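As stored in my_file-v5.txt (compact mmCIF, C-alpha atoms (C1' of nucleotides)):
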# COMPACT_ATOMS: atom_id res chain seq x y z
CA MET P 3 138.69 45.63 -47.64
CA ALA P 4 138.67 43.26 -44.72
CA SER P 5 138.73 39.53 -45.12
CA THR P 6 135.05 39.58 -44.23
CA THR P 7 134.20 40.41 -47.82
CA LYS P 8 135.13 37.03 -49.20
CA ARG P 9 132.30 34.70 -50.07
CA ARG P 10 131.66 31.55 -48.13
CA SER P 11 130.88 28.26 -49.78
CA ARG P 12 127.99 26.88 -47.82
CA PRO P 13 125.63 24.64 -49.79
CA THR P 14 122.49 26.30 -51.08
CA LEU P 15 119.40 25.02 -49.33
CA GLU P 16 115.69 25.32 -48.96
CA LEU P 17 114.76 27.69 -46.18
CA ALA P 18 113.20 24.92 -44.07
CA ASP P 19 116.36 22.81 -44.38
CA ALA P 20 118.53 25.79 -43.51
CA ARG P 21 116.54 26.37 -40.35
CA HIS P 22 116.84 22.71 -39.48
CA ALA P 23 120.58 23.02 -39.91
CA GLY P 24 120.64 25.86 -37.40
CA TYR P 25 120.63 28.84 -39.73
CA PHE P 26 118.62 32.03 -39.29
CA ASN P 27 116.88 34.15 -41.84
CA ILE P 28 117.48 37.88 -41.76
CA GLY P 29 114.49 38.67 -39.56
CA GLN P 30 115.58 36.17 -36.94
CA ALA P 31 119.14 37.46 -37.12
CA ALA P 32 117.83 40.99 -36.63
CA GLU P 33 115.77 39.92 -33.63
CA ALA P 34 118.66 38.01 -32.10
CA THR P 35 121.16 40.84 -32.42
CA GLY P 36 119.23 44.10 -32.28
CA VAL P 37 120.57 45.05 -35.71
CA SER P 38 117.73 45.83 -38.12
CA ALA P 39 117.38 43.71 -41.25
CA LYS P 40 117.92 46.89 -43.17
CA MET P 41 121.29 47.46 -41.55
CA ILE P 42 122.34 43.83 -41.87
CA ARG P 43 121.90 44.16 -45.64
CA HIS P 44 123.72 47.45 -45.54
CA TYR P 45 126.68 45.99 -43.63
CA GLU P 46 126.89 43.29 -46.26
CA SER P 47 126.81 45.83 -49.08
CA ILE P 48 129.70 47.82 -47.62
CA GLY P 49 131.76 44.73 -46.89
CA LEU P 50 131.50 44.85 -43.11
CA MET P 51 129.66 41.53 -43.08
CA PRO P 52 130.54 38.67 -45.41
CA VAL P 53 128.25 38.17 -48.38
CA ALA P 54 125.49 36.02 -46.94
CA ASP P 55 124.65 32.66 -48.42
CA ARG P 56 121.20 32.27 -49.88
CA THR P 57 118.52 29.67 -50.09
CA PHE P 58 117.24 28.53 -53.49
CA SER P 59 114.66 31.25 -53.27
CA ASN P 60 117.28 33.90 -52.62
CA TYR P 61 116.72 34.42 -48.91
CA ARG P 62 119.83 35.29 -46.91
CA ILE P 63 120.76 32.79 -44.21
CA TYR P 64 122.97 33.36 -41.20
CA SER P 65 125.00 31.03 -39.01
CA ASP P 66 125.71 31.32 -35.29
CA ASN P 67 129.03 32.80 -36.31
CA ASP P 68 127.28 35.54 -38.28
CA ILE P 69 125.05 36.26 -35.31
CA HIS P 70 128.12 36.60 -33.17
CA THR P 71 129.66 39.03 -35.63
CA LEU P 72 126.49 41.09 -35.74
CA ARG P 73 126.46 41.32 -31.97
CA PHE P 74 130.06 42.47 -32.09
CA ILE P 75 129.16 45.20 -34.57
CA LYS P 76 126.14 46.20 -32.53
CA ARG P 77 128.16 46.53 -29.35
CA ALA P 78 130.86 48.51 -31.13
CA ARG P 79 128.24 50.89 -32.56
CA THR P 80 126.81 51.31 -29.09
CA LEU P 81 130.26 52.37 -27.96
CA GLY P 82 130.31 54.94 -30.75
CA PHE P 83 132.88 53.38 -33.06
CA SER P 84 132.55 54.37 -36.71
CA MET P 85 132.11 51.86 -39.50
CA LYS P 86 135.74 52.27 -40.47
CA GLN P 87 136.89 51.63 -36.93
CA ILE P 88 134.60 48.63 -36.64
CA GLU P 89 136.02 47.23 -39.83
CA ALA P 90 139.47 47.44 -38.25
CA LEU P 91 138.26 45.94 -34.98
CA LEU P 92 136.59 43.07 -36.80
CA GLY P 93 139.82 42.45 -38.66
CA LEU P 94 141.74 42.27 -35.41
CA TRP P 95 139.09 40.11 -33.83
CA GLN P 96 139.44 37.57 -36.57
CA GLU P 97 143.21 37.81 -36.66
CA ARG P 98 144.96 35.12 -34.68
CA ARG P 99 148.29 36.97 -34.67
CA ARG P 100 146.89 40.29 -33.48
CA SER P 101 148.57 42.18 -30.68
CA SER P 102 146.37 43.67 -28.01
CA ALA P 103 148.42 46.84 -28.45
CA GLN P 104 146.73 47.41 -31.82
CA VAL P 105 143.30 47.04 -30.32
CA LYS P 106 144.16 49.29 -27.42
CA LYS P 107 145.46 51.93 -29.79
CA LEU P 108 142.20 51.95 -31.74
CA ALA P 109 140.19 52.17 -28.55
CA LEU P 110 142.26 55.02 -27.16
CA GLN P 111 142.01 56.90 -30.44
CA HIS P 112 138.26 56.66 -30.16
CA VAL P 113 138.39 57.76 -26.53
CA ALA P 114 140.34 60.82 -27.64
CA GLU P 115 137.73 61.61 -30.31
CA LEU P 116 135.01 61.28 -27.71
CA GLU P 117 136.88 63.56 -25.31
CA GLN P 118 137.19 66.11 -28.08
CA ARG P 119 133.52 66.10 -28.92
CA ILE P 120 132.54 66.09 -25.27
CA ALA P 121 134.72 69.14 -24.64
CA GLU P 122 133.19 70.97 -27.62
CA MET P 123 129.68 70.27 -26.48
CA GLN P 124 130.47 71.18 -22.89
CA ALA P 125 131.79 74.52 -24.11
CA MET P 126 128.55 75.10 -26.01
CA ARG P 127 126.51 74.09 -23.00
CA ASP P 128 128.48 76.31 -20.62
CA THR P 129 128.17 79.33 -22.87
CA LEU P 130 124.45 78.82 -23.36
CA GLN P 131 123.84 78.06 -19.73
CA GLY P 132 125.60 81.27 -18.78
CA LEU P 133 123.59 83.31 -21.25
CA ALA P 134 120.34 81.69 -20.16
CA THR P 135 121.09 82.42 -16.53
CA ARG P 136 121.50 86.07 -17.35
CA CYS P 137 118.22 86.10 -19.30
CA HIS P 138 115.22 87.26 -17.30
CA GLY P 139 112.86 84.96 -19.14
CA ASP P 140 109.90 87.29 -18.83
CA ASP P 141 107.62 89.20 -21.19
CA ARG P 142 110.17 91.83 -22.08
CA PRO P 143 112.11 91.52 -25.34
CA ASP P 144 115.56 92.26 -23.89
CA CYS P 145 117.59 89.11 -24.03
CA PRO P 146 121.31 88.50 -23.52
CA ILE P 147 121.06 85.33 -25.59
CA LEU P 148 119.94 87.18 -28.70
CA GLU P 149 122.43 89.91 -27.95
CA ASP P 150 125.22 87.38 -27.95
CA LEU P 151 124.09 85.75 -31.19
CA SER P 152 123.63 89.16 -32.72
CA GLY P 153 127.30 90.02 -32.49
CA ALA P 154 129.11 89.03 -29.35
CA GLY P 155 130.72 92.44 -28.98
CA GLY P 156 127.92 93.77 -26.87
CA SER P 157 128.40 97.40 -27.88
CA CYS P 158 126.79 96.66 -31.19
CA CYS P 159 123.51 97.88 -32.58
CA ALA P 160 120.27 96.17 -31.66
CA LYS P 161 118.43 94.66 -34.57
CA GLY P 162 114.84 93.59 -34.57
CA HIS P 163 113.04 96.48 -36.22
CA MET J 27 108.30 79.58 -42.98
CA ALA J 28 109.78 82.55 -41.24
CA SER J 29 109.30 86.05 -42.47
CA THR J 30 112.86 85.89 -43.78
CA THR J 31 111.63 84.13 -46.88
CA LYS J 32 109.88 87.14 -48.31
CA ARG J 33 111.56 88.92 -51.14
CA ARG J 34 113.01 92.36 -50.73
CA SER J 35 112.56 95.09 -53.30
CA ARG J 36 115.99 96.58 -53.72
CA PRO J 37 116.68 98.07 -57.15
CA THR J 38 118.60 95.85 -59.54
CA LEU J 39 122.05 97.21 -60.23
CA GLU J 40 125.32 96.65 -61.92
CA LEU J 41 127.78 94.95 -59.63
CA ALA J 42 130.11 97.93 -59.53
CA ASP J 43 127.23 100.23 -58.57
CA ALA J 44 126.09 97.78 -55.91
CA ARG J 45 129.53 97.78 -54.37
CA HIS J 46 129.57 101.54 -54.44
CA ALA J 47 126.25 101.49 -52.64
CA GLY J 48 127.77 99.36 -49.88
CA TYR J 49 126.62 95.94 -50.99
CA PHE J 50 128.71 92.77 -50.96
CA ASN J 51 128.84 89.93 -53.41
CA ILE J 52 128.63 86.40 -52.10
CA GLY J 53 132.38 85.91 -51.81
CA GLN J 54 132.79 89.06 -49.76
CA ALA J 55 129.83 88.10 -47.60
CA ALA J 56 131.41 84.69 -47.03
CA GLU J 57 134.72 86.27 -46.10
CA ALA J 58 133.08 88.75 -43.77
CA THR J 59 131.02 86.17 -41.88
CA GLY J 60 132.89 82.90 -42.02
CA VAL J 61 129.92 81.27 -43.73
CA SER J 62 130.95 79.66 -47.02
CA ALA J 63 129.36 80.90 -50.25
CA LYS J 64 128.02 77.42 -50.64
CA MET J 65 126.21 77.58 -47.34
CA ILE J 66 124.91 81.10 -47.94
CA ARG J 67 123.18 79.83 -51.07
CA HIS J 68 121.96 76.83 -49.13
CA TYR J 69 120.50 78.96 -46.36
CA GLU J 70 118.69 80.97 -49.01
CA SER J 71 117.32 77.83 -50.64
CA ILE J 72 115.89 76.51 -47.38
CA GLY J 73 114.41 79.86 -46.44
CA LEU J 74 116.75 80.64 -43.55
CA MET J 75 118.07 83.69 -45.39
CA PRO J 76 115.85 85.97 -47.46
CA VAL J 77 116.05 85.52 -51.21
CA ALA J 78 119.00 87.70 -52.17
CA ASP J 79 118.65 90.52 -54.61
CA ARG J 80 120.64 90.24 -57.83
CA THR J 81 122.58 92.45 -60.13
CA PHE J 82 121.67 92.63 -63.82
CA SER J 83 124.10 89.80 -64.41
CA ASN J 84 122.45 87.64 -61.77
CA TYR J 85 125.03 87.99 -59.01
CA ARG J 86 123.63 87.89 -55.48
CA ILE J 87 124.23 91.05 -53.45
CA TYR J 88 124.14 91.43 -49.69
CA SER J 89 123.55 94.40 -47.42
CA ASP J 90 125.07 95.08 -44.00
CA ASN J 91 121.85 93.72 -42.59
CA ASP J 92 122.36 90.44 -44.42
CA ILE J 93 125.91 90.24 -43.14
CA HIS J 94 124.57 90.73 -39.66
CA THR J 95 122.07 87.92 -40.13
CA LEU J 96 124.75 85.61 -41.47
CA ARG J 97 126.91 86.32 -38.44
CA PHE J 98 123.92 85.52 -36.24
CA ILE J 99 123.47 82.18 -37.99
CA LYS J 100 127.17 81.43 -37.81
CA ARG J 101 127.28 82.09 -34.10
CA ALA J 102 124.18 80.00 -33.50
CA ARG J 103 125.70 77.11 -35.48
CA THR J 104 128.87 77.43 -33.41
CA LEU J 105 126.71 76.99 -30.34
CA GLY J 106 125.27 73.83 -31.87
CA PHE J 107 121.75 74.99 -32.65
CA SER J 108 120.04 73.09 -35.46
CA MET J 109 118.68 74.80 -38.56
CA LYS J 110 115.16 74.49 -37.21
CA GLN J 111 116.16 76.09 -33.94
CA ILE J 112 118.02 78.84 -35.74
CA GLU J 113 114.97 79.54 -37.85
CA ALA J 114 113.01 80.04 -34.63
CA LEU J 115 115.76 82.19 -33.09
CA LEU J 116 115.93 84.36 -36.19
CA GLY J 117 112.19 84.79 -36.03
CA LEU J 118 112.40 85.94 -32.43
CA TRP J 119 115.35 88.17 -33.18
CA GLN J 120 113.36 89.99 -35.82
CA GLU J 121 110.22 90.09 -33.73
CA ARG J 122 109.72 93.33 -31.88
CA ARG J 123 107.07 91.87 -29.55
CA ARG J 124 109.07 88.81 -28.55
CA SER J 125 109.36 87.80 -24.93
CA SER J 126 112.76 86.83 -23.65
CA ALA J 127 111.03 83.83 -22.06
CA GLN J 128 110.59 82.30 -25.51
CA VAL J 129 114.25 82.71 -26.31
CA LYS J 130 115.30 81.33 -22.97
CA LYS J 131 113.07 78.31 -23.45
CA LEU J 132 114.70 77.52 -26.80
CA ALA J 133 118.15 77.93 -25.33
CA LEU J 134 117.42 75.70 -22.35
CA GLN J 135 115.92 73.05 -24.62
CA HIS J 136 119.16 73.03 -26.53
CA VAL J 137 121.15 72.88 -23.31
CA ALA J 138 119.13 69.81 -22.33
CA GLU J 139 119.88 68.17 -25.69
CA LEU J 140 123.54 68.91 -25.23
CA GLU J 141 123.51 67.46 -21.72
CA GLN J 142 121.90 64.33 -23.09
CA ARG J 143 124.47 63.83 -25.80
CA ILE J 144 127.32 64.67 -23.45
CA ALA J 145 126.11 62.05 -20.99
CA GLU J 146 125.87 59.42 -23.73
CA MET J 147 129.35 60.12 -24.95
CA GLN J 148 130.76 60.19 -21.44
CA ALA J 149 129.26 56.76 -20.84
CA MET J 150 130.95 55.48 -23.99
CA ARG J 151 134.22 57.06 -22.99
CA ASP J 152 134.10 55.66 -19.46
CA THR J 153 133.36 52.16 -20.66
CA LEU J 154 136.11 52.26 -23.24
CA GLN J 155 138.57 53.86 -20.89
CA GLY J 156 137.93 51.12 -18.38
CA LEU J 157 138.40 48.40 -20.95
CA ALA J 158 141.55 50.01 -22.29
CA THR J 159 143.02 50.29 -18.81
CA ARG J 160 142.52 46.58 -18.34
CA CYS J 161 144.17 45.84 -21.70
CA HIS J 162 147.87 45.02 -21.50
CA GLY J 163 148.61 46.61 -24.85
CA ASP J 164 151.45 44.26 -25.67
CA ASP J 165 152.20 41.67 -28.34
CA ARG J 166 149.81 39.07 -27.00
CA PRO J 167 146.38 38.68 -28.57
CA ASP J 168 144.40 38.55 -25.32
CA CYS J 169 142.35 41.70 -25.06
CA PRO J 170 139.50 42.66 -22.73
CA ILE J 171 138.30 45.17 -25.30
CA LEU J 172 137.66 42.53 -27.93
CA GLU J 173 136.25 40.24 -25.27
CA ASP J 174 133.71 42.88 -24.35
CA LEU J 175 132.72 43.54 -27.94
CA SER J 176 132.55 39.84 -28.59
CA GLY J 177 129.72 39.32 -26.11
CA ALA J 178 129.85 41.26 -22.91
CA GLY J 179 128.99 38.17 -20.81
CA GLY J 180 132.62 37.26 -20.35
CA SER J 181 131.98 33.56 -19.96
CA CYS J 182 131.40 33.31 -23.67
CA CYS J 183 133.45 31.55 -26.27
CA ALA J 184 136.45 33.21 -27.83
CA LYS J 185 136.24 33.79 -31.55
CA GLY J 186 139.15 34.64 -33.78
CA HIS J 187 139.92 31.37 -35.53
C1' DG S 19 139.74 95.87 -77.68
C1' DC S 20 141.10 91.19 -76.20
C1' DT S 21 142.90 87.65 -73.19
C1' DT S 22 143.29 85.61 -68.78
C1' DG S 23 142.29 84.16 -64.32
C1' DA S 24 139.36 84.68 -60.54
C1' DC S 25 134.91 84.74 -59.41
C1' DC S 26 129.88 83.86 -59.96
C1' DT S 27 125.87 80.84 -61.55
C1' DT S 28 123.23 76.26 -61.48
C1' DT S 29 122.91 71.28 -60.98
C1' DC S 30 124.30 67.06 -59.45
C1' DC S 31 126.82 63.79 -56.27
C1' DA S 32 129.07 62.49 -51.83
C1' DC S 33 129.58 61.67 -46.97
C1' DG S 34 127.55 58.34 -42.37
C1' DA S 35 124.18 55.74 -40.49
C1' DT S 36 119.66 54.92 -40.54
C1' DG S 37 114.67 54.86 -41.78
C1' DG S 38 111.08 54.58 -45.12
C1' DT S 39 108.45 53.03 -49.18
C1' DA S 40 107.08 50.64 -53.39
C1' DG S 41 106.58 46.71 -56.21
C1' DG S 42 107.39 42.12 -56.52
C1' DG S 43 108.24 37.15 -54.78
C1' DC S 44 108.19 33.45 -51.10
C1' DC S 45 106.59 30.77 -47.02
C1' DC S 46 103.46 28.82 -44.01
C1' DA S 47 99.23 27.95 -41.76
C1' DA S 48 94.26 27.82 -42.01
C1' DT H 30 94.03 27.99 -52.39
C1' DT H 31 94.24 32.05 -50.11
C1' DG H 32 95.94 35.55 -46.99
C1' DG H 33 99.10 37.72 -44.08
C1' DG H 34 103.68 38.18 -43.01
C1' DC H 35 108.18 37.94 -44.30
C1' DC H 36 111.87 38.53 -47.83
C1' DC H 37 113.94 40.62 -52.12
C1' DT H 38 115.76 44.89 -54.72
C1' DA H 39 115.92 49.72 -55.72
C1' DC H 40 115.12 54.06 -54.69
C1' DC H 41 114.50 58.46 -51.69
C1' DA H 42 115.04 61.15 -47.18
C1' DT H 43 117.44 62.77 -43.34
C1' DC H 44 121.39 66.88 -41.77
C1' DG H 45 124.99 70.00 -42.78
C1' DT H 46 128.65 70.41 -45.56
C1' DG H 47 131.97 69.86 -49.39
C1' DG H 48 133.16 68.95 -54.16
C1' DA H 49 132.95 69.02 -59.17
C1' DA H 50 131.28 70.13 -63.69
C1' DA H 51 129.86 73.38 -67.22
C1' DG H 52 128.90 77.85 -68.32
C1' DG H 53 128.61 83.18 -67.70
C1' DT H 54 130.84 87.64 -65.73
C1' DC H 55 134.14 90.80 -63.94
C1' DA H 56 138.46 93.18 -63.65
C1' DA H 57 143.20 93.76 -64.66
C1' DG H 58 147.01 93.75 -67.84
C1' DC H 59 148.52 93.85 -72.65

Once more with this new file: its structure as structure tokens, please.
Amino acid sequence: MASTTKRRSRPTLELADARHAGYFNIGQAAEATGVSAKMIRHYESIGLMPVADRTFSNYRIYSDNDIHTLRFIKRARTLGFSMKQIEALLGLWQERRRSSAQVKKLALQHVAELEQRIAEMQAMRDTLQGLATRCHGDDRPDCPILEDLSGAGGSCCAKGH
Amino acid sequence: MASTTKRRSRPTLELADARHAGYFNIGQAAEATGVSAKMIRHYESIGLMPVADRTFSNYRIYSDNDIHTLRFIKRARTLGFSMKQIEALLGLWQERRRSSAQVKKLALQHVAELEQRIAEMQAMRDTLQGLATRCHGDDRPDCPILEDLSGAGGSCCAKGH
DNA sequence: GCTTGACCTTTCCACGATGGTAGGGCCCAA
DNA sequence: TTGGGCCCTACCATCGTGGAAAGGTCAAGC
């Protein structure tokens, strides 16, 4: 697990005091970062976010630093990184001795994954587009799309009755 | 539910007799279609495949027709159709009075979904590729990738300590 | 016939990331 | 004090697939 899982040792406070001191509750953190309260709790439970401090009445409170981390996670999700990859990126982010080569490697790995998935989906699209172009799209039942699905050979039997 | 959910009324048999009569057990059906036994049972449970007939000893048996249907599903999955879409396609396939227009509409809907997802992933890839190109990838910690994730503004503070 | 190993059966759990809901407690303003 | 809105936990659902456990069946070799 990343170092983010370790507990902090902020003093426990009343919610009003915490707000005075510049802390946010989970709803405010969600609003400020675009990460739902639900997901903030989830990220804590899987160790992506540090265990949040609580007020006396058990409300989670978040510092500016936490907000910053949540924005980082949000941005990384938007770029399609997985939780595992984000965990690694967060580790590097918080690592003073990191080398940019490590970060670049992670990013390029993800680029390669994206390329892979893009290529797969383009192949699907091209096949379907080709079939659809050859389909009359009228009232008659004859359809090259169904013929393809029904056994790409073409010389095969016609089902449907 | 599609008409595929209705039971058939094939006579119950011993397994050996069923094989003689040209039926397959689930393992053979899986082998012949590339759909795992697990997924064949799953497709039955969600009504995508008809409820399979059984031997006396409760083994599922499959006809050539079933094999054909499984291949249809497999091919449609390969083209990225969802279960819901496949249910509709199977319905049309088995419908004598279908119009090819209905099939074409489904296919083009799916093409549009694919285009959408492709565009999203291309945007991710382009952004990341750009960031990675600007990253030295050496031993130093400075990294435009982390800077982007850490608050795309650029003029923002640097975390990491 | 009996043993053995491969197969079949069902049921439950897991993934990844997110949303929802239910039942309870807390906070703040009127 | 009361009410509405927020927070807490704990659970279930999604979607498609894989895995494992615990038990029954089949087929081949002895």

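All C-alpha atoms of chain P and chain J, which share one sequence, were paired in order; after least-squares superposition their RMSD is 0.2 Å.
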
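Atom CA of Gln124 of chain P lies 24.2 Å from atom CA of Leu108 of chain P.
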
Discussion item. Would you compute the distance between atom C1' of DC31 of chain S and atom CA of Gly53 of chain J? Give it in Å to one decimal.
Written reply: 23.2 Å

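Omitting Arg101 of chain J and its sequence neighbours fewer than 5 positions away, and counting all atoms listed in the file, the residues within 12 Å are Met126, Thr129, Leu130, Ile147, Leu148, Glu149, Asp150, Leu151, Ser152, Gly153 and Ala154 of chain P; Thr59, Gly60, Val61, His94, Thr95, Leu96, Gly106, Phe107, Ser108, Ile112, Leu115 and Leu116 of chain J.
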
List as an mmCIF file with C-alpha atoms, keeping the file's coordinate frame the residues having at least one atom at most 7 Å from position (122.5, 42.1, -40.1) as given in the file, counting only C-alpha atoms (C1' of nucleotides).
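So point-v3.cif came out as:
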data_model
loop_
_atom_site.group_PDB
_atom_site.id
_atom_site.type_symbol
_atom_site.label_atom_id
_atom_site.label_comp_id
_atom_site.auth_asym_id
_atom_site.auth_seq_id
_atom_site.Cartn_x
_atom_site.Cartn_y
_atom_site.Cartn_z
ATOM 1 C CA ILE P 28 117.480 37.880 -41.760
ATOM 2 C CA ALA P 31 119.140 37.460 -37.120
ATOM 3 C CA ALA P 32 117.830 40.990 -36.630
ATOM 4 C CA VAL P 37 120.570 45.050 -35.710
ATOM 5 C CA SER P 38 117.730 45.830 -38.120
ATOM 6 C CA ALA P 39 117.380 43.710 -41.250
ATOM 7 C CA MET P 41 121.290 47.460 -41.550
ATOM 8 C CA ILE P 42 122.340 43.830 -41.870
ATOM 9 C CA ARG P 43 121.900 44.160 -45.640
ATOM 10 C CA TYR P 45 126.680 45.990 -43.630
ATOM 11 C CA LEU P 72 126.490 41.090 -35.740
#

I'd like a table as JSON lines: residues in chain P with an atom no more than 10 Å from chain S, each row giving the shortest atom pair and its distance in Å to one decimal, all atoms listed in the file counted, sorted by chain and rising residue number.
{"residue": "P:Leu17", "atom": "CA", "partner": "S:DC45", "partner_atom": "C1'", "distance": 8.8}
{"residue": "P:Ala18", "atom": "CA", "partner": "S:DC45", "partner_atom": "C1'", "distance": 9.3}
{"residue": "P:Ser38", "atom": "CA", "partner": "S:DT36", "partner_atom": "C1'", "distance": 9.6}
{"residue": "P:Lys40", "atom": "CA", "partner": "S:DT36", "partner_atom": "C1'", "distance": 8.6}
{"residue": "P:Met41", "atom": "CA", "partner": "S:DT36", "partner_atom": "C1'", "distance": 7.7}
{"residue": "P:His44", "atom": "CA", "partner": "S:DA35", "partner_atom": "C1'", "distance": 9.7}
{"residue": "P:Ser59", "atom": "CA", "partner": "S:DC44", "partner_atom": "C1'", "distance": 7.2}
{"residue": "P:Asn60", "atom": "CA", "partner": "S:DC44", "partner_atom": "C1'", "distance": 9.2}
{"residue": "P:Tyr61", "atom": "CA", "partner": "S:DC44", "partner_atom": "C1'", "distance": 8.9}
{"residue": "P:Ser84", "atom": "CA", "partner": "S:DG34", "partner_atom": "C1'", "distance": 8.5}
{"residue": "P:Met85", "atom": "CA", "partner": "S:DG34", "partner_atom": "C1'", "distance": 8.4}

Per residue of chain P within 6 Å of chain J, record the nearest atom pair and its distance in Å to one decimal, counting only C-alpha atoms, with rows in chain order and ascending residue number, as a tab-separated table.
residue	atom	partner	partner_atom	distance
P:Phe74	CA	J:Ser176	CA	5.0
P:Arg77	CA	J:Leu175	CA	5.6
P:Leu81	CA	J:Met150	CA	5.1
P:Trp95	CA	J:Gly186	CA	5.5
P:Gln96	CA	J:Gly186	CA	4.1
P:Glu97	CA	J:Gly186	CA	5.9
P:Arg98	CA	J:Gly186	CA	5.9
P:Arg100	CA	J:Pro167	CA	5.2
P:Ser101	CA	J:Asp165	CA	4.3
P:Ser102	CA	J:Gly163	CA	4.9
P:Ala103	CA	J:Gly163	CA	3.6
P:Lys106	CA	J:Gly163	CA	5.8
P:Val113	CA	J:Arg151	CA	5.5
P:Ile120	CA	J:Ile144	CA	5.7
P:Met126	CA	J:Leu105	CA	5.1
P:Arg127	CA	J:Val137	CA	5.5
P:Ala134	CA	J:Lys130	CA	5.8
P:Gly139	CA	J:Ala127	CA	3.6
P:Asp140	CA	J:Ala127	CA	4.9
P:Asp141	CA	J:Ser125	CA	4.4
P:Arg142	CA	J:Ser125	CA	5.0
P:Pro143	CA	J:Ser125	CA	4.6
P:Cys145	CA	J:Ser126	CA	5.4
P:Leu151	CA	J:Phe98	CA	5.1
P:Ser152	CA	J:Phe98	CA	5.1
P:Gly162	CA	J:Gln120	CA	4.1
